[in-house]
Structure formats: C-alpha cells, structure tokens
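Student: Would you mind keeping the following structure in view while I ask a few things?
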Amino acid sequence: MKSINISETSTSPNVNFDFEKNIFEISGCSRPEDVVDFYAPIIDWILELKRSLTDSLKKEREDNPLIFRLNYDYFNSSSAKYILDLVLQINSLYKAGLNVRIDWCYKKEDEDMLETGQEFTDIIECPIDFVAL
C-alpha cells in the first residue's frame, strides 16, 4: 500500500497513513476550503485497502490491529460529513474481517469532541477507544 502524507496547514490536519510502519493518524484542525478534495484520497486509500484484503493479511493482523488514531482539535460541519464517511469506511474494514480499532483522541476539557466520538459507537461495530489528552 502506498503511504499518504499530507502536511498540516492552518485549515487542514496532518495525515500520515503508512501501512508498512503501521501508522494511521489524522491530527489537527479540519476546515479545508475544498473538503471533498482533501478527504477523497484518504477515503480512497481505505477503499483500496479493503479491495486488497486477503485471508493472510487478516490472519497476520489478528493480534496486531490497525489502529486509526483520529486526533482532531476542531472540525467544521463540512468536515464532519467526511469524518463520518471515514469512520464508516474504517468500520467496513472491520466488518470485512480485518482487526482494526479507532483511537478517538480529545482534550480532557473538550466534552463536545468526546461526545462526537461517542455518537459513532451507536452507528458502527468497530471498537473505539477514547483517549483523553
């Protein structure tokens, strides 16, 4: 799998998806001008991973899950739809038999961000760990 590395800007988060290093992280603020353009390659990456799933990869990951670390400081309503799409695509990997987990990171004092992550637990089967920073 080809890596995705997008550097953080004042309006978009840092993205580092590196299958070889087992790093799958998005962190920072998400309010890009063109939210579709920003999130499309990330969602496409997950779709490509799902298309390339093999039984041997699933077995290899039984004891070593892919952990998607979502560490948003803030995201606007336009980004929220694509973050939901992202979470649903990660869930589709889980439903396809791949051992995956989401680490939903939030600042201890940011109850809104915690509640947003908790809302995902109602709509997906993939495990979510809540990480207070």
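Residue numbers start at 1 in each chain; chains themselves are named A, B, ... in the order of the structure tokens; ligands are numbered from 1 in the order shown.
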Write down as a count of residues only the residues of stretch 40-93 of chain A whose backbone DSSP state falls under helix (DSSP H, G or I).

Tutor: 35

Student: Quick one: everything within 8 Å of stretch 53-67 of chain A, counting only C-alpha atoms, minus sequence neighbours fewer than 5 positions away in the same chain. Send it as an MDAnalysis selection string.

Tutor: chainID A and resid 22:24 97:103

Student: If you count only C-alpha atoms, which residues fall within 10 Å of A:Glu25, apart from same-chain ones fewer than 6 positions away, as a list of chain:residue names?

Tutor: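 Once the adjacent positions are removed, what remains is A:Asn5, A:Pro13, A:Asn14, A:Val15, A:Asn16, A:Phe17, A:Asp18, A:Ile67, A:Phe68, A:Arg69, A:Leu70, A:Asn71, A:Ile102, A:Asp103.
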
Student: Among chain A, which residues does DSSP mark as strand (DSSP E) when it is run on the backbone? Keep the chain and numbering as in the structure and answer as number ranges by chain.

Tutor: A: 4-6, 14-18, 23-30, 66-75, 100-106, 128-132

Student: Quick one: residues within 7 Å of A:Leu133, only C-alpha atoms, excluding same-chain residues fewer than 3 positions away - as a VMD selection string?

Tutor: chain A and resid 105 to 108

Student: What's around A:Ala40 at 10 Å? Count only C-alpha atoms, leave out sequence neighbours fewer than 5 positions away in its own chain, and write the answer as a PyMOL selection string.

Tutor: chain A and resi 35+45+82+86
